[in-house]
2 protein chains.
Amino acid sequence: VRGARRPDTLFWADPSRIAGHRLSLDPDESRHLLRVFRAEPGTPFEATDGTGTRYRCRLAEDHHGEARAEIVERVEGAGELSSAIHLLVGLPDSRAAEVIAEHAVPLGVASILFAACRRSGRDELGAAKLERLERIAIAGVKQSLRSRLPVLGTTANLQTALEAARHGPRFVADPSGAAALELSVETPQTAVTVAVGPPGGFDEGEVAALRAAGFRPICLGPSRLTTETASIELLSMVRNVIITNNLRGI
Amino acid sequence: VRGARRPDTLFWADPSRIAGHRLSLDPDESRHLLRVFRAEPGTPFEATDGTGTRYRCRLAEDHHGEARAEIVERVEGAGELSSAIHLLVGLPDSRAAEVIAEHAVPLGVASILFAACRRSGRDELGAAKLERLERIAIAGVKQSLRSRLPVLGTTANLQTALEAARHGPRFVADPSGAAALELSVETPQTAVTVAVGPPGGFDEGEVAALRAAGFRPICLGPSRLTTETASIELLSMVRNVIITNNLRGI
């Protein structure tokens with residue numbers, strides 16, 4: 001009886017597992033659908049491969065524990081904002097980086113670039129830590145019903161990160177800033193980039209490099225915020241502008 | 001030599017420890033100032049008692065390990081927003097409640113009321129958990145350089161919580177909402193209340209009670225947010241309106 005109910009879970013399928021109107025789930029996700037939800041052939045479910053599409057599926061067969069399904073419908077951009085928000089953040093410690101990923105992914109971030117800055121006091125992220133962040137990002141996409149997996153990256157310094165942020169409105173959280181966020185994202189598909197310093201903040205040379213790269217300083221208010229709280233706040237602010245414009249039909 | 005430097009820490013003093021132009025720090029804070037920073041008589045430092053004042057102090061003496069100081073100046077409202085934001089949140093699990101406190105306090109929240117809702121699946125917070133949240137709140141006030149300790153509370157149901165929220169603009173995060181945040185906080189000291197459902201959301205009766213109590217539904221966007229991420233986002237949005245108005249001189 002339970003198998004007839006559509007699971008309230010968005011399943012994850014690696015892009016390599018989608019072929020025409022057929023899709024299969026990887027081992028963990030198959031187990032979840034077949035064993036936990038006890039899905040039977042015919043059970044409807046939804047999946048994403050993180051490339052911007054949500055797949056409405058119907059289970060075709062349990063093939064030696066692998067869930068194989070027919071794609072009934074593709075919904076492009078499901079759960080996604082109309083504009084991309086890129087987050088450039090001065091690398092904090094590992095736990096803070098995870099907190100950022102945990103909240104930024106549901107909030108719709110398109111990419112997170114962790115730049116080892118002067119005051120980061122650490123090297124760029126290693127492969128193992130990036131993999132751990134990617135697992136957090138996949139869990140975030142599933143939980144928040146997004147359809148696009150944010151791109152996670154890391155650079156050895158700020159300058160390299162700035163080379164990736166040359167287009168669209170750019171803002172940097174400025175503890176001493178006097179400017180409010182004045183952003184109108186009038187064109188859907190506009191990419192917005194927000195930058196937040198590492199614990200201790202960007203140093204003078206980095207602040208100058210950000211200004212030279214077109215980042216406008218934004219005041220985040222009268223209290224002192226950690227790198228992770230500032231990242232979430234700045235994302236929330238830009239997200240709200242995008243949502244508001246969408247609701248107004250812009 | 002180190003003693004001459006002003007510690008980059010905001011110290012905490014219980015309100016009972018302030019008397020006229022004298023102030024003493026409690027044992028942990030005294031140890032931090034006297035042992036870690038090796039402060040000597042004459043060292044300047046700053047403290048708050050969480051009632052809205054930041055005290056500029058000068059260490060007078062190390063009295064058997066207790067830091068006793070002279071208050072040189074009082075700064076009212078340091079690190080505080082010009083308007084109060086009250087957060088009413090459907091009680092989630094303990095870890096999620098802590099995450100909310102960790103981010104909401106630096107973001108300037110005036111109070112957090114955890115209401116045990118129908119879908120909370122748990123009773124209101126006990127004294128031990130409230131105490132733990134209060135320790136997180138004090139750490140947040142110190143770290144973010146605020147001067148007012150948010151009020152933390154809990155109620156056995158939503159209705160009781162709503163009785164405390166009868167004034168000022170009121171908003172509720174609505175997953176199915178079509179309305180953007182249209183808020184102008186034109187009068188400083190206006191209190192704004194934002195409400196976020198527990199995991200699983202407010203139930204139908206609770207949604208009706210919120211509307212009856214004057215809460216306007218706000219769309220938080222196309223993705224599904226956890227109670228904690230939604231709380232932080234909604235706070236960030238309202239905070240930004242307040243900051244923007246302040247910067248415009250409203």
# chains A, B, ... in the order shown; residues from 1 in each chain; ligands from 1
call {"tool": "select_by_dssp", "arguments": {"residues": "range 38-189 of chain A", "states": "alpha helix (DSSP H)", "output": "PyMOL selection string"}}
result
chain A and resi 94-104+127-144+158-162
call {"tool": "select_by_dssp", "arguments": {"residues": "range 15-247 of chain B", "states": "strand (DSSP E or B)", "output": "VMD selection string"}}
result
chain B and resid 18 to 19 22 to 24 44 to 48 51 53 to 63 66 to 76 84 to 90 111 to 115 148 151 to 155 170 to 173 191 to 196 216 to 218
call {"tool": "write_last_selection", "arguments": {"atoms": "C-alpha atoms", "output": "mmCIF file, in the first residue's frame"}}
result
data_model
loop_
_atom_site.group_PDB
_atom_site.id
_atom_site.type_symbol
_atom_site.label_atom_id
_atom_site.label_comp_id
_atom_site.auth_asym_id
_atom_site.auth_seq_id
_atom_site.Cartn_x
_atom_site.Cartn_y
_atom_site.Cartn_z
ATOM 1 C CA ILE B 18 27.262 47.521 37.587
ATOM 2 C CA ALA B 19 26.998 50.163 40.281
ATOM 3 C CA ARG B 22 32.044 51.017 38.889
ATOM 4 C CA LEU B 23 31.805 47.642 37.221
ATOM 5 C CA SER B 24 33.172 44.185 37.978
ATOM 6 C CA PRO B 44 41.144 50.060 28.750
ATOM 7 C CA PHE B 45 38.501 47.495 27.792
ATOM 8 C CA GLU B 46 34.844 47.372 26.790
ATOM 9 C CA ALA B 47 31.990 45.475 28.388
ATOM 10 C CA THR B 48 28.253 45.106 28.127
ATOM 11 C CA THR B 51 20.674 45.808 28.588
ATOM 12 C CA THR B 53 24.663 49.818 26.928
ATOM 13 C CA ARG B 54 28.308 49.348 26.031
ATOM 14 C CA TYR B 55 30.665 50.416 28.805
ATOM 15 C CA ARG B 56 34.094 51.848 28.041
ATOM 16 C CA CYS B 57 36.105 50.878 31.093
ATOM 17 C CA ARG B 58 39.539 51.177 32.610
ATOM 18 C CA LEU B 59 40.780 48.370 34.844
ATOM 19 C CA ALA B 60 41.071 49.615 38.425
ATOM 20 C CA GLU B 61 42.299 46.515 40.261
ATOM 21 C CA ASP B 62 42.699 42.772 40.300
ATOM 22 C CA HIS B 63 40.770 42.044 43.504
ATOM 23 C CA GLU B 66 38.026 39.715 40.114
ATOM 24 C CA ALA B 67 38.469 42.463 37.546
ATOM 25 C CA ARG B 68 37.153 45.712 38.997
ATOM 26 C CA ALA B 69 36.935 48.680 36.712
ATOM 27 C CA GLU B 70 35.943 52.288 36.403
ATOM 28 C CA ILE B 71 33.299 53.124 33.764
ATOM 29 C CA VAL B 72 34.733 55.903 31.604
ATOM 30 C CA GLU B 73 31.870 56.215 29.144
ATOM 31 C CA ARG B 74 28.486 54.662 28.405
ATOM 32 C CA VAL B 75 27.441 54.164 24.758
ATOM 33 C CA GLU B 76 23.718 53.502 24.468
ATOM 34 C CA ALA B 84 13.491 45.536 17.057
ATOM 35 C CA ILE B 85 12.994 42.320 15.101
ATOM 36 C CA HIS B 86 11.152 39.585 16.965
ATOM 37 C CA LEU B 87 11.398 36.014 15.710
ATOM 38 C CA LEU B 88 8.584 33.579 16.399
ATOM 39 C CA VAL B 89 9.638 30.111 15.319
ATOM 40 C CA GLY B 90 7.910 26.754 15.357
ATOM 41 C CA SER B 111 13.730 38.120 20.866
ATOM 42 C CA ILE B 112 13.319 34.516 19.824
ATOM 43 C CA LEU B 113 10.185 32.731 20.879
ATOM 44 C CA PHE B 114 10.152 28.985 20.245
ATOM 45 C CA ALA B 115 6.531 27.824 20.055
ATOM 46 C CA ARG B 148 21.434 44.018 24.110
ATOM 47 C CA VAL B 151 15.050 37.628 25.119
ATOM 48 C CA LEU B 152 14.646 33.873 24.638
ATOM 49 C CA GLY B 153 11.387 32.154 25.384
ATOM 50 C CA THR B 154 9.240 29.154 24.661
ATOM 51 C CA THR B 155 5.529 28.453 24.641
ATOM 52 C CA ARG B 170 4.072 40.997 11.162
ATOM 53 C CA PHE B 171 5.169 38.522 8.505
ATOM 54 C CA VAL B 172 5.038 34.774 8.178
ATOM 55 C CA ALA B 173 7.206 32.696 5.857
ATOM 56 C CA ALA B 191 9.007 46.448 16.177
ATOM 57 C CA VAL B 192 8.734 43.920 13.367
ATOM 58 C CA THR B 193 7.754 40.304 14.026
ATOM 59 C CA VAL B 194 8.603 37.461 11.672
ATOM 60 C CA ALA B 195 7.241 33.935 12.033
ATOM 61 C CA VAL B 196 8.658 30.713 10.601
ATOM 62 C CA ARG B 216 1.106 38.670 6.215
ATOM 63 C CA PRO B 217 2.447 35.749 4.171
ATOM 64 C CA ILE B 218 5.857 36.253 2.558
#
call {"tool": "closest_residue", "arguments": {"among": "B:Leu225, B:Leu81, B:Leu34, B:Ala39", "to": "Leu247 in chain B", "atoms": "only C-alpha atoms"}}
result
B:Leu81
call {"tool": "interface_residues", "arguments": {"of": "chain A", "to": "chain B", "cutoff": "8 Å", "atoms": "only C-alpha atoms", "output": "VMD selection string"}}
result
chain A and resid 78 to 81 103 106 to 108 143 to 146 178 to 181 220 to 226 229 232 to 234 236 to 237 239 to 240 243 to 244 247
call {"tool": "write_last_selection", "arguments": {"atoms": "N, CA and C atoms", "output": "compact mmCIF listing (two decimals), in the first residue's frame"}}
result
# COMPACT_ATOMS: atom_id res chain seq x y z
N ALA A 78 13.40 23.85 -12.19
CA ALA A 78 12.55 23.70 -11.00
C ALA A 78 13.33 24.06 -9.74
N GLY A 79 12.72 24.86 -8.89
CA GLY A 79 13.35 25.22 -7.61
C GLY A 79 14.49 26.20 -7.73
N GLU A 80 14.71 26.75 -8.94
CA GLU A 80 15.86 27.63 -9.14
C GLU A 80 15.44 29.10 -9.25
N LEU A 81 16.33 29.98 -8.82
CA LEU A 81 16.13 31.41 -8.99
C LEU A 81 16.30 31.76 -10.47
N HIS A 103 23.68 26.32 4.33
CA HIS A 103 22.63 27.32 4.18
C HIS A 103 22.60 27.93 2.78
N PRO A 106 20.54 25.72 -0.12
CA PRO A 106 19.08 25.90 -0.15
C PRO A 106 18.68 27.32 -0.56
N LEU A 107 19.52 28.31 -0.24
CA LEU A 107 19.17 29.69 -0.60
C LEU A 107 19.40 29.98 -2.07
N GLY A 108 19.87 28.98 -2.83
CA GLY A 108 19.90 29.13 -4.28
C GLY A 108 21.22 29.57 -4.88
N GLN A 143 17.25 18.30 -0.39
CA GLN A 143 16.37 18.75 0.70
C GLN A 143 15.58 19.98 0.30
N SER A 144 16.21 20.86 -0.48
CA SER A 144 15.55 22.13 -0.81
C SER A 144 14.77 22.05 -2.13
N LEU A 145 14.80 20.89 -2.77
CA LEU A 145 14.07 20.68 -4.03
C LEU A 145 14.58 21.58 -5.15
N ARG A 146 15.89 21.84 -5.15
CA ARG A 146 16.50 22.55 -6.28
C ARG A 146 16.75 21.56 -7.40
N ALA A 178 29.23 52.21 4.31
CA ALA A 178 28.14 53.12 4.58
C ALA A 178 27.06 52.99 3.52
N ALA A 179 27.22 52.03 2.62
CA ALA A 179 26.28 51.92 1.51
C ALA A 179 25.34 50.75 1.71
N ALA A 180 24.06 50.99 1.45
CA ALA A 180 23.09 49.91 1.53
C ALA A 180 23.06 49.17 0.19
N LEU A 181 22.48 48.00 0.21
CA LEU A 181 22.35 47.24 -1.03
C LEU A 181 21.31 47.92 -1.91
N LEU A 220 26.63 45.75 6.13
CA LEU A 220 25.76 44.68 6.63
C LEU A 220 25.18 45.00 8.01
N GLY A 221 25.39 46.21 8.49
CA GLY A 221 24.74 46.59 9.73
C GLY A 221 25.69 46.86 10.86
N PRO A 222 25.11 47.22 12.04
CA PRO A 222 25.93 47.74 13.13
C PRO A 222 26.65 46.68 13.95
N SER A 223 26.31 45.40 13.78
CA SER A 223 27.00 44.39 14.58
C SER A 223 28.05 43.68 13.73
N ARG A 224 28.98 43.01 14.40
CA ARG A 224 30.07 42.33 13.71
C ARG A 224 29.63 40.92 13.39
N LEU A 225 29.71 40.52 12.12
CA LEU A 225 29.23 39.20 11.71
C LEU A 225 30.40 38.27 11.39
N THR A 226 30.23 37.01 11.68
CA THR A 226 31.23 36.02 11.25
C THR A 226 31.15 35.88 9.73
N THR A 229 27.88 33.93 8.88
CA THR A 229 26.63 34.67 9.01
C THR A 229 26.55 35.78 7.95
N ILE A 232 25.55 34.26 4.59
CA ILE A 232 24.14 33.90 4.51
C ILE A 232 23.29 35.16 4.41
N GLU A 233 23.67 36.21 5.16
CA GLU A 233 22.88 37.44 5.10
C GLU A 233 22.93 38.06 3.71
N LEU A 234 24.13 38.16 3.15
CA LEU A 234 24.28 38.81 1.84
C LEU A 234 23.53 38.02 0.76
N SER A 236 20.91 36.14 1.28
CA SER A 236 19.47 36.33 1.54
C SER A 236 18.99 37.65 0.96
N MET A 237 19.83 38.69 1.11
CA MET A 237 19.45 40.00 0.62
C MET A 237 19.30 39.99 -0.90
N ARG A 239 18.96 37.32 -2.85
CA ARG A 239 17.86 36.41 -3.18
C ARG A 239 16.52 37.12 -3.11
N ASN A 240 16.34 37.94 -2.07
CA ASN A 240 15.08 38.63 -1.90
C ASN A 240 14.81 39.61 -3.04
N ILE A 243 13.68 37.47 -6.01
CA ILE A 243 12.32 36.95 -5.81
C ILE A 243 11.29 38.06 -5.97
N THR A 244 11.59 39.22 -5.37
CA THR A 244 10.67 40.35 -5.44
C THR A 244 10.44 40.76 -6.88
N LEU A 247 8.20 38.26 -8.62
CA LEU A 247 6.80 38.37 -8.22
C LEU A 247 6.15 39.59 -8.84
call {"tool": "atom_distance", "arguments": {"atom1": "CA of Arg17 in chain A", "atom2": "CA of Phe37 in chain A"}}
result
20.8 Å
call {"tool": "residues_around", "arguments": {"residues": "Cys117 in chain B", "least_positions_apart": "4", "cutoff": "9 Å", "atoms": "only C-alpha atoms", "output": "list of chain:residue names"}}
result
B:Gly90, B:Leu91, B:Gly121, B:Arg122, B:Asp123, B:Glu124, B:Ala156, B:Asn157, B:Leu158, B:Gly197, B:Pro198, B:Gly201, B:Phe202, B:Asp203, B:Glu206
call {"tool": "write_last_selection", "arguments": {"atoms": "C-alpha atoms", "output": "mmCIF file, in the first residue's frame"}}
result
data_model
loop_
_atom_site.group_PDB
_atom_site.id
_atom_site.type_symbol
_atom_site.label_atom_id
_atom_site.label_comp_id
_atom_site.auth_asym_id
_atom_site.auth_seq_id
_atom_site.Cartn_x
_atom_site.Cartn_y
_atom_site.Cartn_z
ATOM 1 C CA GLY B 90 7.910 26.754 15.357
ATOM 2 C CA LEU B 91 10.063 24.669 17.676
ATOM 3 C CA GLY B 121 6.493 16.768 17.588
ATOM 4 C CA ARG B 122 7.906 17.884 20.933
ATOM 5 C CA ASP B 123 7.045 19.884 24.030
ATOM 6 C CA GLU B 124 8.200 23.419 24.667
ATOM 7 C CA ALA B 156 3.478 25.257 24.682
ATOM 8 C CA ASN B 157 1.560 26.255 21.540
ATOM 9 C CA LEU B 158 1.350 28.879 18.816
ATOM 10 C CA GLY B 197 7.004 27.308 10.841
ATOM 11 C CA PRO B 198 8.468 24.196 12.459
ATOM 12 C CA GLY B 201 5.339 23.783 8.490
ATOM 13 C CA PHE B 202 2.457 25.322 10.376
ATOM 14 C CA ASP B 203 -0.724 23.278 10.094
ATOM 15 C CA GLU B 206 -2.037 27.595 12.835
#
call {"tool": "atom_distance", "arguments": {"atom1": "CA of Arg211 in chain B", "atom2": "CA of Pro199 in chain B"}}
result
19.4 Å
call {"tool": "closest_residue", "arguments": {"among": "A:Leu149, A:Ala116, A:Ala101, A:Ala165", "to": "Ala13 in chain A", "atoms": "only C-alpha atoms"}}
result
A:Leu149
call {"tool": "atom_distance", "arguments": {"atom1": "CA of Ala97 in chain B", "atom2": "CA of Trp12 in chain B"}}
result
23.0 Å
call {"tool": "residues_around", "arguments": {"residues": "Glu29 in chain B", "least_positions_apart": "4", "cutoff": "7 Å", "atoms": "only C-alpha atoms", "output": "count of residues only"}}
result
4
